[in-house]
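Structure below is coords.tsv: TSV, C-alpha atoms.
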```tsv
chain	number	residue	atom	x	y	z
A	254	MET	CA	15.95	-2.09	-30.63
A	255	ARG	CA	12.75	-2.36	-32.59
A	256	LYS	CA	9.72	-0.59	-31.09
A	257	LEU	CA	6.53	-2.59	-30.76
A	258	GLU	CA	3.96	-2.34	-33.52
A	259	ARG	CA	0.28	-3.23	-33.46
A	260	TYR	CA	0.96	-6.51	-35.30
A	261	ASP	CA	3.19	-7.68	-32.43
A	262	ILE	CA	0.19	-7.87	-30.12
A	263	MET	CA	-1.55	-11.15	-30.57
A	264	ASP	CA	-5.22	-11.81	-30.09
A	265	TYR	CA	-6.29	-12.25	-26.45
A	266	MET	CA	-7.56	-15.82	-26.92
A	267	LEU	CA	-4.39	-16.88	-28.71
A	268	TYR	CA	-2.32	-15.37	-25.91
A	269	GLU	CA	-4.27	-17.39	-23.34
A	270	GLU	CA	-3.40	-20.50	-25.31
A	271	LYS	CA	0.30	-19.63	-25.68
A	272	ARG	CA	0.79	-17.82	-22.37
A	273	SER	CA	2.44	-20.57	-20.38
A	274	GLU	CA	4.95	-21.30	-23.16
A	275	LEU	CA	5.67	-17.59	-23.68
A	276	ARG	CA	6.04	-16.82	-19.98
A	277	HIS	CA	8.55	-19.65	-19.65
A	278	HIS	CA	10.48	-18.28	-22.63
A	279	ILE	CA	10.45	-14.73	-21.19
A	280	ALA	CA	11.60	-15.95	-17.76
A	281	LYS	CA	14.64	-17.58	-19.39
A	282	MET	CA	15.29	-14.49	-21.48
A	283	LYS	CA	15.05	-12.24	-18.44
A	284	GLU	CA	17.60	-14.19	-16.39
A	285	PRO	CA	20.83	-12.72	-17.87
A	286	ARG	CA	19.23	-9.28	-18.30
A	287	ARG	CA	18.49	-8.96	-14.59
A	288	ILE	CA	21.74	-7.60	-13.20
A	289	PHE	CA	22.54	-6.75	-9.59
A	290	LEU	CA	25.20	-4.19	-8.71
A	291	GLY	CA	25.90	-4.82	-5.04
A	292	ASP	CA	22.89	-5.30	-2.80
A	293	GLN	CA	21.30	-1.93	-3.48
A	294	LEU	CA	20.90	-1.74	-7.23
A	295	LEU	CA	19.08	-3.97	-9.69
A	296	PHE	CA	19.01	-3.30	-13.43
A	297	ILE	CA	16.48	-4.95	-15.71
A	298	PHE	CA	17.54	-4.52	-19.32
A	299	GLU	CA	14.48	-4.60	-21.55
A	300	ASN	CA	14.20	-5.86	-25.08
A	301	THR	CA	11.31	-5.95	-27.54
A	302	GLU	CA	10.08	-9.38	-26.47
A	303	MET	CA	10.17	-8.55	-22.77
A	304	VAL	CA	8.27	-5.30	-23.29
A	305	ARG	CA	5.75	-7.11	-25.46
A	306	ASP	CA	5.26	-9.48	-22.53
A	307	HIS	CA	4.45	-6.49	-20.27
A	308	VAL	CA	1.90	-5.29	-22.81
A	309	LEU	CA	0.27	-8.71	-23.21
A	310	GLU	CA	0.09	-9.22	-19.46
A	311	THR	CA	-1.45	-5.77	-18.94
A	312	ILE	CA	-4.04	-6.46	-21.62
A	313	ARG	CA	-4.84	-9.78	-19.95
A	314	ILE	CA	-5.03	-8.46	-16.39
A	315	ASP	CA	-6.87	-5.22	-17.18
A	316	LYS	CA	-9.07	-6.94	-19.80
A	317	LEU	CA	-8.32	-4.34	-22.47
A	318	PHE	CA	-10.00	-5.41	-25.67
A	319	SER	CA	-10.62	-2.24	-27.68
A	320	GLU	CA	-8.26	-1.17	-30.45
A	321	HIS	CA	-7.86	2.20	-28.74
A	322	ASP	CA	-6.72	0.53	-25.50
A	323	LEU	CA	-4.24	-1.69	-27.31
A	324	LEU	CA	-2.68	1.26	-29.13
A	325	ARG	CA	-2.47	3.17	-25.87
A	326	GLN	CA	-0.53	0.29	-24.29
A	327	LEU	CA	2.01	0.50	-27.11
A	328	GLU	CA	2.33	4.23	-26.52
A	329	ILE	CA	2.81	3.63	-22.79
A	330	PHE	CA	5.33	0.78	-22.98
A	331	ASN	CA	7.41	1.69	-26.05
A	332	PRO	CA	9.45	4.31	-24.11
A	333	LEU	CA	11.00	1.36	-22.24
A	334	LEU	CA	12.68	0.31	-25.50
A	335	ALA	CA	15.99	1.75	-26.65
A	336	ASN	CA	16.83	3.04	-30.11
A	337	ALA	CA	19.38	1.37	-32.40
A	338	GLY	CA	22.83	1.14	-30.80
A	339	GLU	CA	21.43	1.81	-27.33
A	340	LEU	CA	20.50	-0.21	-24.27
A	341	ARG	CA	17.72	0.76	-21.92
A	342	CYS	CA	16.97	-0.59	-18.47
A	343	THR	CA	14.84	-0.05	-15.42
A	344	MET	CA	17.06	0.71	-12.44
A	345	ILE	CA	15.56	-0.31	-9.11
A	346	VAL	CA	17.09	1.14	-5.96
A	347	LEU	CA	16.49	-1.55	-3.38
A	348	GLY	CA	16.06	0.77	-0.44
A	349	THR	CA	13.64	0.26	2.37
A	350	SER	CA	10.52	2.32	1.96
A	351	ASP	CA	7.85	3.14	4.46
A	352	TRP	CA	4.31	3.53	3.19
A	353	ASP	CA	3.22	5.43	6.29
A	354	GLY	CA	6.08	7.85	5.97
A	355	PRO	CA	6.71	8.07	2.25
A	356	LYS	CA	8.68	11.28	2.58
A	357	ARG	CA	11.36	9.23	4.33
A	358	VAL	CA	12.28	7.50	1.09
A	359	LYS	CA	15.52	9.16	0.10
A	360	PRO	CA	17.11	7.52	-2.90
A	361	LEU	CA	20.71	8.50	-3.49
A	362	LYS	CA	20.64	11.94	-5.04
A	363	GLU	CA	21.65	12.14	-8.69
A	364	LEU	CA	22.48	8.43	-8.70
A	365	SER	CA	21.43	7.91	-12.33
A	366	VAL	CA	24.22	10.04	-13.80
A	367	HIS	CA	26.83	8.03	-11.88
A	368	ILE	CA	25.92	4.69	-13.43
A	369	TYR	CA	28.13	3.56	-16.29
A	370	LEU	CA	28.94	0.68	-18.56
A	371	ILE	CA	32.42	-0.24	-19.78
A	372	LEU	CA	32.20	-1.47	-23.36
A	373	ASN	CA	34.30	-4.15	-25.03
A	374	ASP	CA	36.41	-1.46	-26.73
A	375	GLY	CA	37.27	0.00	-23.30
A	376	ARG	CA	34.99	3.03	-23.61
A	377	LYS	CA	33.04	4.17	-20.56
A	378	VAL	CA	29.47	5.29	-21.24
A	379	TYR	CA	27.39	6.97	-18.57
A	380	ALA	CA	23.65	6.48	-18.21
A	381	GLN	CA	21.16	9.06	-19.34
A	382	ALA	CA	17.68	9.29	-17.87
A	383	PRO	CA	15.43	10.05	-20.86
A	384	GLU	CA	12.57	12.47	-20.16
A	385	THR	CA	10.31	10.41	-22.44
A	386	ALA	CA	10.10	7.92	-19.58
A	387	SER	CA	7.71	9.75	-17.23
A	388	ILE	CA	9.10	8.14	-14.08
A	389	ASN	CA	12.36	10.05	-14.56
A	390	GLN	CA	10.50	13.30	-13.89
A	391	TYR	CA	9.72	12.25	-10.32
A	392	PRO	CA	11.88	11.45	-7.33
A	393	GLY	CA	11.73	7.78	-6.47
A	394	THR	CA	13.46	4.44	-6.42
A	395	LEU	CA	12.77	3.45	-10.03
A	396	LYS	CA	14.42	5.07	-13.02
A	397	VAL	CA	14.61	4.27	-16.71
A	398	LEU	CA	18.21	4.56	-17.91
A	399	ASN	CA	19.64	4.69	-21.41
A	400	PHE	CA	23.18	3.84	-22.55
A	401	ILE	CA	24.53	4.79	-25.97
A	402	CYS	CA	26.76	1.86	-26.92
A	403	GLY	CA	27.01	2.16	-30.71
A	404	ASN	CA	28.53	-0.98	-32.20
A	405	ASN	CA	30.01	-2.22	-28.92
A	406	TYR	CA	28.58	-4.21	-26.06
A	407	PRO	CA	29.04	-3.86	-22.29
A	408	VAL	CA	31.46	-6.01	-20.29
A	409	LEU	CA	31.13	-4.25	-16.95
A	410	ILE	CA	28.62	-2.16	-15.04
A	411	GLY	CA	29.52	0.30	-12.32
A	412	SER	CA	28.62	3.25	-10.15
A	413	ASP	CA	30.97	6.05	-9.15
A	414	HIS	CA	28.50	7.74	-6.81
A	415	ARG	CA	30.45	8.81	-3.73
A	416	GLU	CA	28.12	6.83	-1.43
A	417	TYR	CA	27.94	3.77	-3.67
A	418	LYS	CA	31.16	3.11	-5.54
A	419	LEU	CA	31.53	-0.32	-7.09
A	420	GLU	CA	31.91	-2.23	-10.33
A	421	LYS	CA	30.76	-5.62	-11.53
A	422	LYS	CA	32.11	-7.59	-14.45
A	423	LEU	CA	29.27	-8.98	-16.53
A	424	SER	CA	29.21	-12.74	-17.03
A	425	PRO	CA	29.64	-14.11	-20.59
A	426	LEU	CA	25.90	-14.92	-20.58
A	427	GLN	CA	25.00	-11.36	-19.62
A	428	GLN	CA	27.39	-9.92	-22.20
A	429	ASN	CA	25.94	-12.12	-24.94
A	430	ALA	CA	22.36	-11.25	-24.02
A	431	LEU	CA	23.02	-7.51	-24.16
A	432	ARG	CA	25.02	-7.87	-27.37
A	433	GLU	CA	22.10	-9.73	-28.94
A	434	ASP	CA	19.75	-6.90	-27.93
A	435	LEU	CA	22.07	-4.29	-29.42
A	436	GLU	CA	22.15	-6.22	-32.68
A	437	SER	CA	18.42	-6.89	-32.74
A	438	THR	CA	17.07	-3.77	-34.50
A	439	SER	CA	15.19	-5.81	-37.05
A	440	ASN	CA	14.43	-8.81	-34.88
A	441	VAL	CA	11.18	-10.54	-35.66
A	442	ILE	CA	9.23	-11.67	-32.62
A	443	HIS	CA	8.10	-15.28	-32.66
A	444	ARG	CA	6.08	-15.05	-35.83
A	445	ASP	CA	5.29	-18.73	-35.50
A	446	LEU	CA	3.32	-18.03	-32.36
A	447	HIS	CA	0.97	-15.59	-34.07
B	190	MET	CA	-18.25	20.54	7.44
B	191	PHE	CA	-18.62	18.94	10.87
B	192	LYS	CA	-19.20	21.11	13.94
B	193	LYS	CA	-16.25	19.58	15.82
B	194	LYS	CA	-12.75	19.43	14.43
B	195	LEU	CA	-11.87	15.87	13.40
B	196	GLU	CA	-8.13	16.31	12.86
B	197	GLY	CA	-5.95	14.70	15.52
B	198	THR	CA	-8.84	12.94	17.28
B	199	LYS	CA	-9.17	9.23	18.04
B	200	THR	CA	-12.26	9.20	15.83
B	201	CYS	CA	-10.22	10.50	12.93
B	202	LYS	CA	-7.55	7.83	13.43
B	203	ARG	CA	-10.20	5.08	13.60
B	204	LEU	CA	-12.02	6.47	10.59
B	205	LYS	CA	-8.83	6.16	8.59
B	206	GLU	CA	-8.33	2.60	9.81
B	207	ALA	CA	-11.95	1.78	9.01
B	208	PHE	CA	-11.53	3.19	5.49
B	209	ALA	CA	-8.48	0.97	4.92
B	210	ALA	CA	-10.32	-2.06	6.32
B	211	GLU	CA	-13.34	-1.51	4.05
B	212	CYS	CA	-11.09	-1.16	0.99
B	213	PHE	CA	-9.36	-4.37	1.97
B	214	ALA	CA	-12.70	-6.15	2.51
B	215	GLU	CA	-13.98	-5.02	-0.89
B	216	ARG	CA	-10.92	-6.47	-2.63
B	217	ARG	CA	-11.17	-9.69	-0.60
B	218	PHE	CA	-14.83	-10.18	-1.61
B	219	LYS	CA	-13.94	-9.59	-5.25
B	220	LEU	CA	-11.18	-12.18	-5.09
B	221	PHE	CA	-13.57	-14.64	-3.39
B	222	ALA	CA	-16.11	-13.94	-6.14
B	223	ALA	CA	-13.52	-14.78	-8.80
B	224	ILE	CA	-12.76	-18.09	-7.04
B	225	ALA	CA	-16.49	-18.91	-6.89
B	226	ARG	CA	-16.76	-18.12	-10.62
B	227	ASP	CA	-13.82	-20.44	-11.38
B	228	GLU	CA	-15.50	-23.15	-9.29
B	229	GLY	CA	-18.68	-22.79	-11.35
B	230	LEU	CA	-20.74	-21.30	-8.51
B	231	PRO	CA	-22.36	-18.21	-10.09
B	232	ALA	CA	-24.87	-17.61	-7.27
B	233	ILE	CA	-22.05	-17.44	-4.69
B	234	GLU	CA	-20.05	-15.28	-7.09
B	235	ASP	CA	-22.98	-12.82	-7.28
B	236	ALA	CA	-23.36	-12.80	-3.50
B	237	PHE	CA	-19.67	-12.03	-2.98
B	238	ASN	CA	-19.80	-9.29	-5.61
B	239	GLU	CA	-22.83	-7.71	-3.92
B	240	MET	CA	-21.00	-7.72	-0.59
B	241	ALA	CA	-17.98	-6.16	-2.30
B	242	ILE	CA	-20.21	-3.31	-3.52
B	243	SER	CA	-21.50	-2.82	-0.01
B	244	GLN	CA	-17.95	-2.63	1.40
B	245	SER	CA	-17.08	-0.17	-1.31
B	246	LEU	CA	-19.99	2.07	-0.27
B	247	HIS	CA	-18.81	1.94	3.34
B	248	ALA	CA	-15.31	2.94	2.26
B	249	GLU	CA	-16.77	5.79	0.22
B	250	SER	CA	-18.77	6.99	3.20
B	251	HIS	CA	-15.68	6.96	5.47
B	252	PHE	CA	-13.69	8.74	2.80
B	253	LYS	CA	-16.33	11.46	2.41
B	254	MET	CA	-16.34	12.06	6.17
B	255	LEU	CA	-12.55	12.44	6.12
B	256	GLN	CA	-12.81	14.70	3.09
B	257	GLU	CA	-15.56	16.88	4.57
B	258	SER	CA	-13.53	17.34	7.71
B	259	GLY	CA	-10.63	18.62	5.62
B	260	GLU	CA	-8.56	15.61	6.71
B	261	VAL	CA	-6.26	13.91	4.26
B	262	TYR	CA	-5.38	10.26	4.07
B	263	TYR	CA	-1.68	9.36	3.79
B	264	GLY	CA	-1.11	13.01	2.98
B	265	PHE	CA	-3.07	12.79	-0.26
B	266	LYS	CA	-5.27	15.72	-1.14
B	267	VAL	CA	-8.61	15.27	-2.86
B	268	GLY	CA	-9.67	18.07	-5.14
B	269	ASN	CA	-10.80	18.65	-8.69
B	270	THR	CA	-9.74	16.31	-11.49
B	271	ILE	CA	-6.45	17.99	-12.31
B	272	GLU	CA	-5.52	18.00	-8.61
B	273	ASN	CA	-6.58	14.36	-8.36
B	274	ILE	CA	-4.43	13.41	-11.35
B	275	LYS	CA	-1.48	15.02	-9.57
B	276	THR	CA	-2.37	13.13	-6.39
B	277	ALA	CA	-2.70	9.88	-8.32
B	278	LEU	CA	0.72	10.50	-9.87
B	279	GLU	CA	2.25	11.07	-6.46
B	280	ALA	CA	0.57	7.91	-5.16
B	281	GLU	CA	1.83	5.81	-8.08
B	282	VAL	CA	5.39	7.01	-7.50
B	283	LEU	CA	5.01	6.01	-3.85
B	284	GLU	CA	3.61	2.63	-4.86
B	285	SER	CA	6.63	2.03	-7.07
B	286	ASN	CA	8.83	2.93	-4.08
B	287	GLU	CA	6.87	0.44	-2.01
B	288	CYS	CA	7.60	-2.23	-4.63
B	289	THR	CA	11.34	-1.72	-4.32
B	290	GLY	CA	11.26	-2.38	-0.57
B	291	LEU	CA	9.37	-5.58	-1.26
B	292	ILE	CA	11.81	-6.68	-3.98
B	293	LYS	CA	14.68	-6.12	-1.54
B	294	SER	CA	13.19	-8.25	1.24
B	295	ALA	CA	12.12	-11.02	-1.16
B	296	THR	CA	15.63	-11.09	-2.68
B	297	GLU	CA	17.34	-11.10	0.72
B	298	GLU	CA	15.10	-13.93	1.91
B	299	GLY	CA	15.75	-16.01	-1.22
B	300	MET	CA	12.25	-15.66	-2.68
B	301	LYS	CA	13.33	-14.97	-6.24
B	302	GLU	CA	9.94	-15.73	-7.82
B	303	ILE	CA	8.19	-13.21	-5.58
B	304	ALA	CA	10.91	-10.62	-6.27
B	305	GLU	CA	10.47	-11.08	-10.02
B	306	ARG	CA	6.66	-10.85	-9.81
B	307	ILE	CA	6.96	-7.58	-7.87
B	308	GLU	CA	9.46	-6.29	-10.44
B	309	GLU	CA	6.79	-6.81	-13.10
B	310	ILE	CA	4.27	-4.95	-10.96
B	311	ALA	CA	6.78	-2.12	-10.46
B	312	ILE	CA	7.21	-1.82	-14.22
B	313	ASP	CA	3.43	-1.76	-14.50
B	314	GLU	CA	3.38	1.15	-12.04
B	315	LEU	CA	5.75	2.93	-14.44
B	316	SER	CA	3.13	2.54	-17.16
B	317	HIS	CA	0.47	4.05	-14.87
B	318	ILE	CA	2.76	6.99	-14.17
B	319	HIS	CA	3.30	7.45	-17.89
B	320	ARG	CA	-0.44	7.34	-18.57
B	321	LEU	CA	-1.28	9.78	-15.77
B	322	ASN	CA	1.40	12.14	-17.09
B	323	ILE	CA	-0.21	12.05	-20.53
B	324	LEU	CA	-3.63	12.75	-18.97
B	325	LYS	CA	-2.18	15.64	-16.97
B	326	ASP	CA	-0.63	17.20	-20.09
B	327	GLU	CA	-3.82	16.71	-22.10
B	328	ILE	CA	-6.06	18.27	-19.45
B	329	VAL	CA	-3.69	21.23	-19.03
B	330	LYS	CA	-3.96	21.86	-22.80
B	331	LEU	CA	-7.77	21.94	-22.51
B	332	LEU	CA	-7.78	24.55	-19.74
```
So, in terms of structure tokens, how does the structure I just supplied come out?
Amino acid sequence: MRKLERYDIMDYMLYEEKRSELRHHIAKMKEPRRIFLGDQLLFIFENTEMVRDHVLETIRIDKLFSEHDLLRQLEIFNPLLANAGELRCTMIVLGTSDWDGPKRVKPLKELSVHIYLILNDGRKVYAQAPETASINQYPGTLKVLNFICGNNYPVLIGSDHREYKLEKKLSPLQQNALREDLESTSNVIHRDLH
Amino acid sequence: MFKKKLEGTKTCKRLKEAFAAECFAERRFKLFAAIARDEGLPAIEDAFNEMAISQSLHAESHFKMLQESGEVYYGFKVGNTIENIKTALEAEVLESNECTGLIKSATEEGMKEIAERIEEIAIDELSHIHRLNILKDEIVKLL
């Protein structure tokens, strides 16, 4: 997947003008990339356009207008994007947390390494939690996971953790969306909107 | 330091509650100010912003009393900048945990739009964690 470059980030005023249209487009794009595995795990597979949306929204909300701030946002958000032949997602463990007793949050230990995808050639690829994503260095209910798929796309997602064993076949829409992302290394983002 | 120990007292508990309430009030005034601005009422906007500053000073005063007494709030230590970066990191991780609980209830109760908005906020928390990590590494290099 292509990493974001400075030229992907449109001017603040132009974004204000295009925001509603873009947000609608991103919401539709997000739909098949938001995948539940049972009632405890949610995976949000990111692509270049979705991560660009995070950057643009952060710039808008935090009112970041300096060149330095914009470049920093790229540095912060680019680790969410996978390299060529890989898929990357944010895994959200939908546990119940307690703000007054945060130590009580006990996500399933070592869950990340038990998550896998079955590819269309029948191969099983396990998730890796890249260290470049800072959240993976801390215990918690959010993790950034990476899957090395090569030239194949996923047809099923599963977990073989002893406390959470299940599999889910991906719908044709989900399969197509992830296949598109795997093939999108040189994708150009909505040039017409710039 | 205060002459009497604050830890475990009713005063300490209420001081913590008062700190939270002042923080909440500050944010509320700021949101009200933004609404006044959008309604083209700059004088009201200024008044709300001034009141927000006042609430913020109250919160700061409560926080200093807790700090001077050696008390911690939600288990977070306050120290020098490197210690505070570590505290901020811990707090951000907890905030992201808090988001996941919220996503779960919104999903279970069929409020998909709320769940998706919180997911975006959770991903934003990840960016804060990443930034704080960079700051921590940079400051360690300077020491």
Next on the checklist: One number please: CA of Asp322 (chain A) to CA of Val397 (chain A), in Å, one decimal.
Outcome noted: 23.4 Å
Checklist entry - Which residue, B:Leu291, B:Val282, B:Ala277, B:Ala207, has the smallest gap to Gln390 (chain A) when you use only C-alpha atoms? => result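 Using only C-alpha atoms, the shortest distance to Gln390 (chain A) belongs to B:Val282.
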Within 9 Å of chain A, which residues of chain B come that close, and what is the closest atom pair and distance in Å for each? Count only C-alpha atoms and give it as CSV.
```
residue,atom,partner,partner_atom,distance
B:Tyr263,CA,A:Asp353,CA,6.8
B:Glu279,CA,A:Tyr391,CA,8.5
B:Val282,CA,A:Gly393,CA,6.5
B:Leu283,CA,A:Pro355,CA,6.7
B:Glu284,CA,A:Trp352,CA,8.1
B:Ser285,CA,A:Leu395,CA,7.0
B:Asn286,CA,A:Thr394,CA,5.4
B:Glu287,CA,A:Ser350,CA,5.7
B:Cys288,CA,A:Ser350,CA,8.5
B:Thr289,CA,A:Leu347,CA,5.2
B:Gly290,CA,A:Thr349,CA,4.6
B:Leu291,CA,A:Thr349,CA,8.1
B:Ile292,CA,A:Leu347,CA,7.0
B:Lys293,CA,A:Leu347,CA,5.2
B:Ser294,CA,A:Thr349,CA,8.6
B:Glu297,CA,A:Asp292,CA,8.8
B:Glu308,CA,A:Ile345,CA,8.6
B:Glu309,CA,A:His307,CA,7.5
B:Ala311,CA,A:Leu395,CA,8.2
B:Ile312,CA,A:Thr343,CA,7.9
B:Asp313,CA,A:His307,CA,7.5
B:Leu315,CA,A:Ile388,CA,6.2
B:Ser316,CA,A:Ile329,CA,5.7
B:His317,CA,A:Ile329,CA,8.3
B:Ile318,CA,A:Ser387,CA,6.4
B:His319,CA,A:Ser387,CA,5.0
B:Arg320,CA,A:Ile329,CA,6.5
B:Asn322,CA,A:Ser387,CA,6.7
B:Ile323,CA,A:Ser387,CA,8.9
```
Checklist entry - What residues have an atom no more than 12 Å from (-13.1, 13.1, 7.8) in the file's own frame, counting all atoms listed in the file, and can you write them as a PyMOL selection string? => result chain B and resi 190-208+248-262+267
Next on the checklist: So the first atom is CA of Ile401 (chain A) and the second is CA of Lys418 (chain A); what is the distance between them in Å, to one decimal place?
Outcome noted: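 These atoms are spaced 21.5 Å apart.
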Item to check | Atom-to-atom span, CA of Gly338 (chain A) and CA of Pro407 (chain A), Å | outcome: 11.7 Å
Tell me, as a compact mmCIF listing (two decimals) with C-alpha atoms, in the frame of the given file, which residues lie within 12 Å of Ser243 (chain B), counting all atoms listed in the file; anything in the same chain fewer than 3 positions away does not count.
```txt
# COMPACT_ATOMS: atom_id res chain seq x y z
CA GLU B 211 -13.34 -1.51 4.05
CA CYS B 212 -11.09 -1.16 0.99
CA ALA B 214 -12.70 -6.15 2.51
CA GLU B 215 -13.98 -5.02 -0.89
CA ARG B 216 -10.92 -6.47 -2.63
CA PHE B 218 -14.83 -10.18 -1.61
CA LYS B 219 -13.94 -9.59 -5.25
CA ALA B 236 -23.36 -12.80 -3.50
CA PHE B 237 -19.67 -12.03 -2.98
CA ASN B 238 -19.80 -9.29 -5.61
CA GLU B 239 -22.83 -7.71 -3.92
CA MET B 240 -21.00 -7.72 -0.59
CA LEU B 246 -19.99 2.07 -0.27
CA HIS B 247 -18.81 1.94 3.34
CA ALA B 248 -15.31 2.94 2.26
CA GLU B 249 -16.77 5.79 0.22
CA SER B 250 -18.77 6.99 3.20
```
